[in-house]
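Encoded as structure tokens, the structure appears first; notes follow it.
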There are 2 protein chains.
Amino acid sequence: MKRTRKPNDLTTPPKIDIRGVASLARVSIATVSRTINHVPTVDPVLAARVWKAVTDLNYFPNTQARALVSGKSRLLGLVVSEITNPFFPELIQEFEQIAVARGYEILIGSTNYETKTMELCARRMLERQVDGVAIMTFGIEDFLLDRFAADNIPFVFIDPAPSRPLNSVLAVDYRAGIYEGVQHLAVLGHRNIGFISGPLTRRSAQSRKAAFLSCLQSTGIKPNPDWLIEGNHALDGGRDAMQKILALPNWPTAVMCSNDMTAIGVQHALFEANLRVPDDFSLIGFDDIHLAEYTIPPLTTVRMSCRDLATKAIDNLLSRLKPIDNNAESVTKISTRLIVRQTTGLPRNTLQDLPQMPANKPRKR
Amino acid sequence: MKRTRKPNDLTTPPKIDIRGVASLARVSIATVSRTINHVPTVDPVLAARVWKAVTDLNYFPNTQARALVSGKSRLLGLVVSEITNPFFPELIQEFEQIAVARGYEILIGSTNYETKTMELCARRMLERQVDGVAIMTFGIEDFLLDRFAADNIPFVFIDPAPSRPLNSVLAVDYRAGIYEGVQHLAVLGHRNIGFISGPLTRRSAQSRKAAFLSCLQSTGIKPNPDWLIEGNHALDGGRDAMQKILALPNWPTAVMCSNDMTAIGVQHALFEANLRVPDDFSLIGFDDIHLAEYTIPPLTTVRMSCRDLATKAIDNLLSRLKPIDNNAESVTKISTRLIVRQTTGLPRNTLQDLPQMPANKPRKR
DNA sequence: ATGCCTAGTGTAAACGTTTTCCGTGGGGTA
DNA sequence: TACCCCACGGAAAACGTTTACACTAGGCAT
């Protein structure tokens with residue numbers, strides 16, 4: 001027996017598809033399709049009948065079929081470093097809202113800073129035929145970009161931008177915020193400033209570090225290589241890095257961190273070492289995640305607006321999906337700025353003679 | 001002109017599809033399909049040719065087409081309350097890893113505790129024809145469940161379980177962990193314990209609160225209604241709730257919180273009020289997010305394993321996808337237990353005469 | 001009045017798979 | 001040697017849309 005449209009199955013209700021709508025509205029399926037896609041040439045009378053049928057049947061189109069024939073999945077890929085780092089959920093949330101509002105769905109990939117996972121993510125995106133990809137992790141292998149380019153999938157990513165045709169980049173102005181941070185510290189009197197970076201295998205962990213170094217130089221401070229520690233952009237990395245610094249014979253009076261999670265890890269290490277922030281040590285983070293306002297004490301940090309990032313990323317992607325061949329690569333600036341809270345203060349005068357038990361003093365309000 | 005398979009477009013390389021593979025391997029497309037789906041009856045010789053062609057062409061099947069004909073999207077829905085609450089990313093991460101390992105993709109919906117957003121999420125899931133949905137948010141409207149049931153989409157959700165056919169629930173044993181917490185506090189000498197709940201419009205915020213109340217009773221402590229405050233499961237809610245408590249003429253000596261984010265908000269309020277944890281106030285959270293280990297001081301909290309949750313949710317969903325009609329509703333237990341860190345200590349003797357500036361005492365290590 | 005153009009609708013092809021059914025060929029048995 | 005069965009491969013239908021093209025009718029200009 002050949003497959004028939006309606007198997008002799010009396011238990012399940014008849015599937016509602018475009019044909020059902022068409023017959024109920026007494027029009028052809030083409031007209032239904034045109035109506036629900038808002039093609040302007042449809043007779044309003046028929047359109048009304050179609051819409052009535054649609055709501056009566058509670059019909060909605062089959063996404064797979066649509067995607068198959070149109071070649072557009074209405075899926076946007078979003079690749080992040082590590083979903084566990086609160087910065088990214090905040091980004092994802094913005095992303096999702098905008099995408100859904102525009103009728104897109106998002107596919108999330110979390111690389112955990114591993115090249116292999118990244119490859120897998122890219123492959124998943126390719127397989128699902130996403131219409132565009134935003135790569136919000138720092139550093140991507142070139143050959144993956146080739147793959148996207150080969151399939152003509154537009155992608156945006158956060159700098160640093162390998163210059164290649166057809167890529168759009170969101171250029172975060174790390175320097176602005178970090179410079180403010182360094183200045184702030186310098187004004188308070190700090191001359192010995194450390195930096196805890198992200199995993200240096202990733203290009204843009206390097207670029208934050210480079211921005212820091214360059215800002216230090218502009219301020220006339222000489223960096224001490226001992227105080228440049230590699231973290232992993234996560235809590236434990238920050239803690240471990242700070243412990244390394246504390247094991248050194250001489251300490252800086254302040255550290256800047258490549259992201260807020262690192263800074264929170266640092267705070268923890270300081271707490272364990274019985275050191276007070278900011279009385280004994282000053283600290284600046286990066287990202288300004290929601291949590292930064294709630295740490296104890298609240299974290300001074302460099303804000304990078306993830307709403308900005310999300311909006312600009314999606315707008316860029318979507319604009320390049322239009323038939324108007326807006327394929328020109330583009331660079332969009334994302335600004336950063338310092339948010340001063342309570343982890344920065346005057347440096348201690350002498351570094352070597354820190355008492356094991358710091359003297360009691362009134363807390364800041 | 002009719003549409004032709006190959007438009008006269010000389011610029012783009014020929015698309016590689018199943019036909020391309022078939023002709024390169026000198027077999028029919030049916031054989032290719034069977035081979036890549038590991039149908040056992042394929043001649044090994046032909047299969048080898050097919051695999052070679054697949055890798056030579058770097059072919060992978062079109063997901064949309066597969067989904068269209070098979071009716072299975074290999075997409076799993078995951079609905080969470082609020083992606084911004086770190087507990088959920090941790091859950092999502094586990095979920096994603098397991099799903100991807102099993103060849104599934106996940107679609108994330110974040111409801112932000114709003115019924116309308118939840119509806120939208122459900123609709124998105126329905127439209128994309130997910131093969132199953134895990135509802136990891138607390139409280140869902142009944143009519144949405146009806147919709148899933150109508151489409152025969154299996155779903156799991158976290159309790160409380162509205163009893164209805166075909167649902168599986170992950171029953172979190174709130175009581176176990178909360179009871180340990182209350183006991184721990186009681187042993188330390190606390191008799192005045194408050195509770196900051198989640199948004200009470202959500203059923204399971206209620207069930208955590210109910211668990212707390214019942215545990216209090218089992219311990220022989222009478223709850224004070226003034227100390228039962230509604231939060232929102234987020235940082236600001238915790239802070240505001242604690243501020244309300246501090247505005248009261250008499251305070252509890254400890255509070256338990258419905259989740260860790262709330263507890264962190266509470267810590268912040270206490271910090272702002274110049275009160276010390278645990279010297280002046282004891283505090284217990286719920287969830288044991290990674291961050292709990294890093295707060296200052298580290299948070300005593302009730303652990304609920306999100307790996308457990310994720311694994312069991314997916315296994316449940318996937319098992320019900322098998323043709324073996326394993327549709328029986330099931331209840332899976334998820335255990336909880338107390339993790340003691342440093343936010344719990346002896347209560348202050350008298351509550352009313354708290355000094356404005358607490359006396360200095362050595363910190364705990 | 002005739003012809004032409006336009007607006008609007010319907011028919012059918014196409015998208016890239018999976019899966020059913022049928023045909024073929026080879027091996028085993030009587 | 002003849003028959004049957006089994007194992008496997010291939011042709012083609014089906015999935016639910018979009019869209020190119022054909023067709024009809026009505027309006028307007030000549």
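Chain lettering (A, B, ...) mirrors the order of the structure tokens, residue numbering begins at 1 for each chain separately, and ligand numbering begins at 1 in order of display.
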Superposed chain A (ref. Chain B, all C-alpha pairs in order) as a compact mmCIF listing (two decimals) with C-alpha atoms, in the first residue's frame:
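Listed below is the output, selection_15.txt:
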```
# COMPACT_ATOMS: atom_id res chain seq x y z
CA MET A 1 11.17 29.24 -17.56
CA LYS A 2 10.60 26.56 -14.99
CA ARG A 3 12.86 26.32 -12.05
CA THR A 4 15.62 23.92 -12.81
CA ARG A 5 17.72 21.98 -10.40
CA LYS A 6 20.88 23.72 -11.46
CA PRO A 7 20.29 27.32 -12.41
CA ASN A 8 22.75 28.64 -14.92
CA ASP A 9 24.80 30.15 -12.18
CA LEU A 10 28.43 29.58 -12.76
CA THR A 11 29.73 31.53 -9.81
CA THR A 12 28.59 29.39 -6.90
CA PRO A 13 29.94 25.87 -6.58
CA PRO A 14 27.37 23.13 -7.10
CA LYS A 15 25.49 22.38 -3.90
CA ILE A 16 26.47 19.16 -2.30
CA ASP A 17 23.43 17.16 -1.40
CA ILE A 18 22.51 13.56 -1.05
CA ARG A 19 22.34 13.24 -4.83
CA GLY A 20 25.88 14.42 -5.25
CA VAL A 21 27.05 11.87 -2.76
CA ALA A 22 25.00 9.17 -4.43
CA SER A 23 26.39 9.80 -7.87
CA LEU A 24 29.96 10.04 -6.63
CA ALA A 25 29.56 6.77 -4.75
CA ARG A 26 27.69 5.24 -7.71
CA VAL A 27 24.72 4.21 -5.62
CA SER A 28 21.15 5.44 -5.20
CA ILE A 29 20.20 8.16 -2.82
CA ALA A 30 18.31 5.62 -0.78
CA THR A 31 21.50 3.76 -0.12
CA VAL A 32 23.22 6.95 0.91
CA SER A 33 20.42 7.72 3.31
CA ARG A 34 20.53 4.24 4.74
CA THR A 35 24.26 4.36 5.13
CA ILE A 36 24.42 7.61 6.97
CA ASN A 37 21.57 6.52 9.19
CA HIS A 38 23.42 3.33 10.00
CA VAL A 39 20.76 0.99 8.72
CA PRO A 40 22.43 -2.40 9.19
CA THR A 41 21.36 -4.00 5.91
CA VAL A 42 23.67 -1.97 3.72
CA ASP A 43 26.41 -3.88 1.92
CA PRO A 44 29.71 -2.93 3.57
CA VAL A 45 31.33 -2.38 0.19
CA LEU A 46 28.77 0.19 -0.83
CA ALA A 47 28.79 1.72 2.61
CA ALA A 48 32.51 2.28 2.33
CA ARG A 49 32.07 4.00 -1.01
CA VAL A 50 29.36 6.18 0.46
CA TRP A 51 31.43 7.19 3.45
CA LYS A 52 34.33 8.03 1.23
CA ALA A 53 32.12 10.20 -0.92
CA VAL A 54 30.70 11.86 2.18
CA THR A 55 34.08 12.83 3.49
CA ASP A 56 35.41 13.75 0.07
CA LEU A 57 32.56 16.14 -0.50
CA ASN A 58 32.41 17.16 3.13
CA TYR A 59 28.73 16.47 2.98
CA PHE A 60 26.33 16.76 5.81
CA PRO A 61 22.60 16.26 5.62
CA ASN A 62 20.14 19.10 5.54
CA THR A 63 18.51 19.19 8.91
CA GLN A 64 15.37 20.89 7.69
CA ALA A 65 14.65 18.29 5.09
CA ARG A 66 15.28 15.52 7.54
CA ALA A 67 13.02 17.12 10.07
CA LEU A 68 10.31 17.75 7.53
CA VAL A 69 10.01 14.20 6.38
CA SER A 70 10.69 12.46 9.65
CA GLY A 71 8.63 14.79 11.77
CA LYS A 72 11.44 14.91 14.32
CA SER A 73 13.37 18.14 14.71
CA ARG A 74 16.02 16.81 17.05
CA LEU A 75 15.45 19.94 19.03
CA LEU A 76 14.81 19.95 22.75
CA GLY A 77 13.18 22.89 24.44
CA LEU A 78 14.48 24.17 27.73
CA VAL A 79 12.44 26.74 29.57
CA VAL A 80 14.04 28.49 32.49
CA SER A 81 12.92 31.27 34.79
CA GLU A 82 15.62 33.71 34.22
CA ILE A 83 18.80 33.11 32.36
CA THR A 84 20.42 35.85 34.33
CA ASN A 85 20.32 33.84 37.53
CA PRO A 86 23.58 31.87 37.54
CA PHE A 87 21.87 28.71 38.57
CA PHE A 88 20.27 28.40 35.18
CA PRO A 89 23.37 28.81 33.05
CA GLU A 90 24.92 26.06 35.08
CA LEU A 91 21.89 23.96 34.32
CA ILE A 92 21.91 24.97 30.68
CA GLN A 93 25.54 24.03 30.34
CA GLU A 94 24.92 20.53 31.58
CA PHE A 95 21.86 20.28 29.46
CA GLU A 96 23.60 21.40 26.34
CA GLN A 97 26.47 19.00 26.77
CA ILE A 98 24.24 16.01 27.22
CA ALA A 99 21.89 17.03 24.44
CA VAL A 100 24.68 17.64 21.95
CA ALA A 101 26.27 14.35 22.84
CA ARG A 102 22.99 12.70 21.99
CA GLY A 103 22.69 14.57 18.71
CA TYR A 104 20.13 17.07 19.87
CA GLU A 105 20.14 20.81 19.86
CA ILE A 106 18.54 22.89 22.54
CA LEU A 107 16.23 25.83 22.27
CA ILE A 108 16.29 28.08 25.26
CA GLY A 109 13.42 30.12 26.52
CA SER A 110 13.66 32.46 29.44
CA THR A 111 10.38 33.47 30.99
CA ASN A 112 11.48 36.16 33.40
CA TYR A 113 8.64 34.97 35.59
CA GLU A 114 6.14 36.51 33.25
CA THR A 115 3.18 34.53 32.08
CA LYS A 116 3.14 36.28 28.78
CA THR A 117 6.77 35.55 28.03
CA MET A 118 6.15 31.99 29.05
CA GLU A 119 3.37 31.73 26.52
CA LEU A 120 5.60 33.10 23.84
CA CYS A 121 8.27 30.57 24.75
CA ALA A 122 5.83 27.73 24.55
CA ARG A 123 4.60 28.91 21.23
CA ARG A 124 8.13 29.15 19.88
CA MET A 125 8.78 25.62 21.00
CA LEU A 126 5.61 24.43 19.35
CA GLU A 127 6.41 26.21 16.12
CA ARG A 128 9.87 24.75 15.94
CA GLN A 129 8.33 21.38 16.70
CA VAL A 130 10.67 20.46 19.45
CA ASP A 131 10.78 16.79 20.23
CA GLY A 132 10.49 17.40 23.95
CA VAL A 133 10.47 20.17 26.50
CA ALA A 134 12.02 20.48 29.91
CA ILE A 135 10.32 23.11 31.95
CA MET A 136 12.79 24.14 34.57
CA THR A 137 10.96 27.12 35.77
CA PHE A 138 8.67 27.06 38.65
CA GLY A 139 5.06 27.14 37.77
CA ILE A 140 3.50 26.84 34.37
CA GLU A 141 0.02 27.54 33.19
CA ASP A 142 -2.10 24.51 32.65
CA PHE A 143 -3.28 25.43 29.19
CA LEU A 144 0.26 25.41 27.91
CA LEU A 145 0.68 21.87 29.09
CA ASP A 146 -2.48 21.07 27.20
CA ARG A 147 -0.91 22.40 24.07
CA PHE A 148 2.15 20.25 24.43
CA ALA A 149 0.04 17.27 25.23
CA ALA A 150 -2.12 17.93 22.20
CA ASP A 151 0.92 17.82 19.94
CA ASN A 152 2.11 14.74 21.74
CA ILE A 153 5.27 16.47 22.85
CA PRO A 154 6.72 14.90 25.96
CA PHE A 155 7.64 17.26 28.73
CA VAL A 156 9.33 17.01 32.05
CA PHE A 157 9.12 19.56 34.71
CA ILE A 158 10.29 20.36 38.08
CA ASP A 159 7.73 19.92 40.76
CA PRO A 160 5.30 20.68 42.14
CA ALA A 161 3.51 18.29 39.89
CA PRO A 162 0.02 19.06 38.80
CA SER A 163 -1.22 15.54 38.37
CA ARG A 164 -2.17 15.00 34.78
CA PRO A 165 -1.63 12.15 32.42
CA LEU A 166 1.63 11.79 30.55
CA ASN A 167 3.69 14.15 32.57
CA SER A 168 6.98 13.33 34.15
CA VAL A 169 8.21 15.26 37.07
CA LEU A 170 11.53 15.77 38.70
CA ALA A 171 10.60 15.91 42.31
CA VAL A 172 13.12 17.98 44.16
CA ASP A 173 13.31 17.00 47.76
CA TYR A 174 13.40 20.51 49.13
CA ARG A 175 12.62 19.34 52.59
CA ALA A 176 15.77 17.31 53.08
CA GLY A 177 18.16 20.19 52.50
CA ILE A 178 16.07 22.83 54.13
CA TYR A 179 15.56 20.63 57.16
CA GLU A 180 19.30 20.23 57.48
CA GLY A 181 19.60 23.99 57.26
CA VAL A 182 17.03 24.63 59.95
CA GLN A 183 18.60 21.99 62.17
CA HIS A 184 22.02 23.49 61.66
CA LEU A 185 20.73 26.88 62.67
CA ALA A 186 18.84 25.46 65.63
CA VAL A 187 21.91 23.64 66.91
CA LEU A 188 23.84 26.87 66.76
CA GLY A 189 21.16 28.35 68.98
CA HIS A 190 19.00 30.26 66.55
CA ARG A 191 15.32 30.40 67.41
CA ASN A 192 14.37 33.43 65.40
CA ILE A 193 14.65 32.55 61.77
CA GLY A 194 13.29 34.43 58.79
CA PHE A 195 12.70 33.28 55.25
CA ILE A 196 12.94 35.19 52.01
CA SER A 197 10.97 33.47 49.34
CA GLY A 198 10.82 33.73 45.58
CA PRO A 199 7.92 35.38 43.80
CA LEU A 200 4.91 33.76 45.40
CA THR A 201 2.89 33.88 42.22
CA ARG A 202 5.01 30.89 41.20
CA ARG A 203 3.91 27.64 42.67
CA SER A 204 7.25 26.32 43.57
CA ALA A 205 8.45 29.40 45.29
CA GLN A 206 5.54 28.52 47.49
CA SER A 207 6.71 24.99 47.87
CA ARG A 208 10.15 26.03 49.08
CA LYS A 209 8.50 28.31 51.54
CA ALA A 210 6.12 25.59 52.63
CA ALA A 211 9.06 23.23 53.08
CA PHE A 212 10.75 25.81 55.28
CA LEU A 213 7.68 26.34 57.39
CA SER A 214 7.17 22.64 57.83
CA CYS A 215 10.81 22.13 58.79
CA LEU A 216 10.56 24.92 61.31
CA GLN A 217 7.59 23.25 62.87
CA SER A 218 9.33 19.86 63.00
CA THR A 219 12.14 21.54 64.84
CA GLY A 220 9.73 23.06 67.29
CA ILE A 221 10.23 26.66 66.29
CA LYS A 222 7.32 28.99 65.80
CA PRO A 223 7.54 31.09 62.65
CA ASN A 224 7.11 34.82 62.90
CA PRO A 225 5.01 36.04 59.96
CA ASP A 226 6.86 39.36 59.96
CA TRP A 227 9.98 37.51 58.98
CA LEU A 228 8.48 35.81 55.98
CA ILE A 229 9.25 38.15 53.14
CA GLU A 230 8.60 37.78 49.47
CA GLY A 231 11.60 38.31 47.21
CA ASN A 232 12.01 37.77 43.50
CA HIS A 233 14.80 35.22 43.31
CA ALA A 234 17.16 37.95 42.20
CA LEU A 235 19.78 40.15 43.80
CA ASP A 236 17.66 43.22 44.26
CA GLY A 237 14.80 41.23 45.72
CA GLY A 238 17.09 39.79 48.37
CA ARG A 239 18.48 43.16 49.22
CA ASP A 240 15.08 44.81 49.45
CA ALA A 241 13.67 42.00 51.53
CA MET A 242 16.51 42.22 54.01
CA GLN A 243 16.07 45.95 54.23
CA LYS A 244 12.44 45.38 55.10
CA ILE A 245 13.48 43.02 57.86
CA LEU A 246 16.01 45.51 59.19
CA ALA A 247 13.33 48.15 59.33
CA LEU A 248 11.36 45.98 61.74
CA PRO A 249 11.50 46.70 65.48
CA ASN A 250 12.73 43.20 66.22
CA TRP A 251 14.94 41.11 64.03
CA PRO A 252 15.50 37.45 63.50
CA THR A 253 19.04 36.16 64.12
CA ALA A 254 19.17 34.25 60.88
CA VAL A 255 17.43 34.05 57.52
CA MET A 256 17.15 31.35 54.98
CA CYS A 257 16.71 32.28 51.34
CA SER A 258 14.85 30.64 48.55
CA ASN A 259 17.91 30.80 46.34
CA ASP A 260 21.52 31.91 46.36
CA MET A 261 21.02 35.12 44.43
CA THR A 262 18.59 36.24 47.09
CA ALA A 263 21.16 35.38 49.73
CA ILE A 264 23.80 37.43 47.95
CA GLY A 265 21.39 40.34 47.88
CA VAL A 266 20.85 39.86 51.59
CA GLN A 267 24.59 39.85 52.23
CA HIS A 268 24.79 43.13 50.41
CA ALA A 269 22.01 44.69 52.46
CA LEU A 270 23.74 43.53 55.62
CA PHE A 271 27.03 44.97 54.41
CA GLU A 272 25.38 48.28 53.73
CA ALA A 273 23.83 48.23 57.17
CA ASN A 274 27.26 47.62 58.65
CA LEU A 275 26.26 44.25 60.00
CA ARG A 276 28.62 41.32 59.95
CA VAL A 277 27.96 37.86 58.66
CA PRO A 278 27.96 35.54 60.53
CA ASP A 279 28.81 37.45 63.72
CA ASP A 280 25.70 39.58 63.67
CA PHE A 281 23.55 37.56 61.38
CA SER A 282 23.44 34.08 59.95
CA LEU A 283 22.42 33.30 56.42
CA ILE A 284 21.64 30.24 54.33
CA GLY A 285 21.06 30.15 50.59
CA PHE A 286 19.66 27.58 48.22
CA ASP A 287 21.04 26.10 44.96
CA ASP A 288 24.76 26.10 45.67
CA ILE A 289 25.77 27.93 42.53
CA HIS A 290 29.51 28.07 41.85
CA LEU A 291 29.57 31.58 43.12
CA ALA A 292 28.44 30.56 46.57
CA GLU A 293 31.93 29.39 47.34
CA TYR A 294 33.29 32.79 46.47
CA THR A 295 31.04 35.20 48.28
CA ILE A 296 32.46 37.05 51.24
CA PRO A 297 32.16 35.22 53.44
CA PRO A 298 31.46 32.01 51.54
CA LEU A 299 27.82 31.11 51.61
CA THR A 300 26.32 28.27 53.56
CA THR A 301 23.68 26.89 51.24
CA VAL A 302 21.53 23.95 50.25
CA ARG A 303 22.90 22.13 47.25
CA MET A 304 20.67 20.93 44.48
CA SER A 305 22.71 19.19 41.84
CA CYS A 306 21.99 20.72 38.49
CA ARG A 307 23.92 18.00 36.74
CA ASP A 308 21.47 15.58 38.26
CA LEU A 309 18.60 17.71 37.18
CA ALA A 310 19.87 18.01 33.63
CA THR A 311 20.79 14.38 33.21
CA LYS A 312 17.55 13.12 34.55
CA ALA A 313 15.49 15.59 32.57
CA ILE A 314 17.11 14.68 29.28
CA ASP A 315 17.15 10.97 29.93
CA ASN A 316 13.51 11.11 30.72
CA LEU A 317 12.67 13.05 27.59
CA LEU A 318 14.79 10.91 25.33
CA SER A 319 13.51 7.67 26.71
CA ARG A 320 10.00 8.75 25.91
CA LEU A 321 10.97 9.49 22.33
CA LYS A 322 11.74 5.87 21.64
CA PRO A 323 9.11 3.95 19.75
CA ILE A 324 8.82 1.61 22.70
CA ASP A 325 5.89 3.46 24.05
CA ASN A 326 7.40 4.36 27.34
CA ASN A 327 4.84 7.00 27.94
CA ALA A 328 4.14 6.19 31.53
CA GLU A 329 4.38 9.27 33.66
CA SER A 330 7.23 9.04 36.11
CA VAL A 331 8.50 10.78 39.17
CA THR A 332 12.22 11.10 39.74
CA LYS A 333 13.65 12.23 43.03
CA ILE A 334 16.29 14.93 43.16
CA SER A 335 18.00 15.14 46.50
CA THR A 336 19.29 18.23 48.27
CA ARG A 337 21.74 18.68 51.10
CA LEU A 338 23.28 21.37 53.20
CA ILE A 339 26.76 22.69 52.43
CA VAL A 340 28.11 24.50 55.46
CA ARG A 341 30.43 27.37 54.73
CA GLN A 342 30.90 30.58 56.63
CA THR A 343 27.68 32.54 56.73
CA THR A 344 26.30 30.68 59.70
CA GLY A 345 27.45 31.14 63.26
CA LEU A 346 26.24 31.62 66.81
CA PRO A 347 23.42 34.08 67.25
CA ARG A 348 23.99 37.34 69.08
CA ASN A 349 22.59 37.14 72.59
CA THR A 350 20.44 40.21 72.54
CA LEU A 351 18.83 41.55 69.48
CA GLN A 352 17.81 45.06 70.38
CA ASP A 353 21.09 46.49 71.53
CA LEU A 354 23.21 45.91 68.47
CA PRO A 355 25.90 48.56 68.45
CA GLN A 356 25.89 50.77 65.43
CA MET A 357 29.52 49.92 64.89
CA PRO A 358 30.19 46.31 65.72
CA ALA A 359 33.21 45.64 67.88
CA ASN A 360 36.27 44.49 66.10
CA LYS A 361 37.00 40.84 66.28
CA PRO A 362 39.32 38.55 64.42
CA ARG A 363 37.86 37.26 61.21
CA LYS A 364 37.27 33.63 60.68
CA ARG A 365 39.78 31.93 58.52
```
**Message:** If DSSP is run on the backbone, what residues of region 150-225 of chain A are alpha helix (DSSP H)? A reply as a VMD selection string would be ideal.
**Reply:** chain A and resid 150 174 to 188 203 to 218
**Message:** Please compute the C1' of DC4 (chain C)-C1' of DA20 (chain D) distance, one decimal, in Å.
**Reply:** 22.8 Å
**Request:** Name the residues in contact with DC23 (chain D) at a cut-off of 12 Å, using only C-alpha atoms (C1' of nucleotides), excluding same-chain residues fewer than 5 positions from it; report them as a ChimeraX atom specification.
**Result:** /C:8-11
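If you take only C-alpha atoms (C1' of nucleotides) and a cut-off of 7 Å, the residues of chain C that reach chain B are C:DG16, C:DT17, C:DT18.
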**Asked** Could you pull the residues within 12 Å of DG26 (chain C), counting only C-alpha atoms (C1' of nucleotides), minus those fewer than 5 positions along the same chain, as a list in words?
**Response** DC4, DC5, DC6, DA7 and DC8 of chain D
Sel. of strand (DSSP E) residues, region 136-219 of chain B, as a PDB file with C-alpha atoms, in the first residue's frame:
```
ATOM      1  CA  PHE B 155       7.611  17.247  28.721  1.00  0.00           C
ATOM      2  CA  VAL B 156       9.309  17.018  32.052  1.00  0.00           C
ATOM      3  CA  PHE B 157       9.085  19.554  34.712  1.00  0.00           C
ATOM      4  CA  ILE B 158      10.254  20.366  38.077  1.00  0.00           C
ATOM      5  CA  SER B 168       6.946  13.321  34.167  1.00  0.00           C
ATOM      6  CA  VAL B 169       8.186  15.266  37.074  1.00  0.00           C
ATOM      7  CA  LEU B 170      11.518  15.768  38.692  1.00  0.00           C
ATOM      8  CA  ALA B 171      10.579  15.919  42.312  1.00  0.00           C
ATOM      9  CA  VAL B 172      13.095  17.990  44.157  1.00  0.00           C
ATOM     10  CA  ILE B 193      14.660  32.566  61.737  1.00  0.00           C
ATOM     11  CA  GLY B 194      13.284  34.438  58.768  1.00  0.00           C
ATOM     12  CA  PHE B 195      12.696  33.305  55.227  1.00  0.00           C
ATOM     13  CA  ILE B 196      12.930  35.221  51.993  1.00  0.00           C
ATOM     14  CA  SER B 197      10.963  33.496  49.315  1.00  0.00           C
TER      15      SER B 197
END
```
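Between C1' of DA14 (chain C) and C1' of DC15 (chain D) the interatomic distance comes to 13.1 Å.
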**Request:** Would you list the contacts of DA30 (chain C) as a list in words, taking every protein, DNA or RNA residue within 12 Å and counting only C-alpha atoms (C1' of nucleotides), but skipping same-chain residues closer than 4 positions in sequence?
**Result:** DT1, DA2, DC3 and DC4 of chain D
Take the residues from that selection and write them out as a PDB file, in the first residue's frame, keeping N, CA and C atoms (P, O5', C5', C4', C3', O3' and C1' of nucleotides).
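Generated file (selection.pdb):
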```
ATOM      1  P    DT D   1      21.899 -28.703 -15.613  1.00  0.00           P
ATOM      2  O5'  DT D   1      20.336 -28.627 -15.348  1.00  0.00           O
ATOM      3  C5'  DT D   1      19.475 -29.667 -15.766  1.00  0.00           C
ATOM      4  C4'  DT D   1      18.163 -29.473 -15.063  1.00  0.00           C
ATOM      5  C3'  DT D   1      17.612 -28.043 -15.136  1.00  0.00           C
ATOM      6  O3'  DT D   1      16.203 -28.113 -15.321  1.00  0.00           O
ATOM      7  C1'  DT D   1      17.820 -28.674 -12.867  1.00  0.00           C
ATOM      8  P    DA D   2      15.431 -26.875 -15.907  1.00  0.00           P
ATOM      9  O5'  DA D   2      14.358 -26.613 -14.764  1.00  0.00           O
ATOM     10  C5'  DA D   2      13.620 -27.707 -14.230  1.00  0.00           C
ATOM     11  C4'  DA D   2      13.049 -27.293 -12.882  1.00  0.00           C
ATOM     12  C3'  DA D   2      12.462 -25.882 -12.848  1.00  0.00           C
ATOM     13  O3'  DA D   2      11.205 -25.939 -12.210  1.00  0.00           O
ATOM     14  C1'  DA D   2      14.044 -26.126 -11.118  1.00  0.00           C
ATOM     15  P    DC D   3      10.201 -24.692 -12.290  1.00  0.00           P
ATOM     16  O5'  DC D   3      10.029 -24.330 -10.745  1.00  0.00           O
ATOM     17  C5'  DC D   3       9.995 -25.394  -9.790  1.00  0.00           C
ATOM     18  C4'  DC D   3      10.354 -24.840  -8.433  1.00  0.00           C
ATOM     19  C3'  DC D   3       9.779 -23.449  -8.163  1.00  0.00           C
ATOM     20  O3'  DC D   3       8.918 -23.532  -7.047  1.00  0.00           O
ATOM     21  C1'  DC D   3      12.074 -23.572  -7.533  1.00  0.00           C
ATOM     22  P    DC D   4       7.938 -22.269  -6.727  1.00  0.00           P
ATOM     23  O5'  DC D   4       8.612 -21.796  -5.368  1.00  0.00           O
ATOM     24  C5'  DC D   4       9.216 -22.783  -4.516  1.00  0.00           C
ATOM     25  C4'  DC D   4      10.093 -22.110  -3.495  1.00  0.00           C
ATOM     26  C3'  DC D   4       9.580 -20.748  -3.023  1.00  0.00           C
ATOM     27  O3'  DC D   4       9.622 -20.730  -1.613  1.00  0.00           O
ATOM     28  C1'  DC D   4      11.835 -20.563  -3.720  1.00  0.00           C
TER      29       DC D   4
END
```
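In this model, the gap between C1' of DT17 (chain D) and C1' of DC15 (chain C) comes to 9.0 Å.
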**Item:** Counting only C-alpha atoms (C1' of nucleotides), chain D residues within 9 Å of chain A, as a ChimeraX atom specification
**Value:** /D:13-19
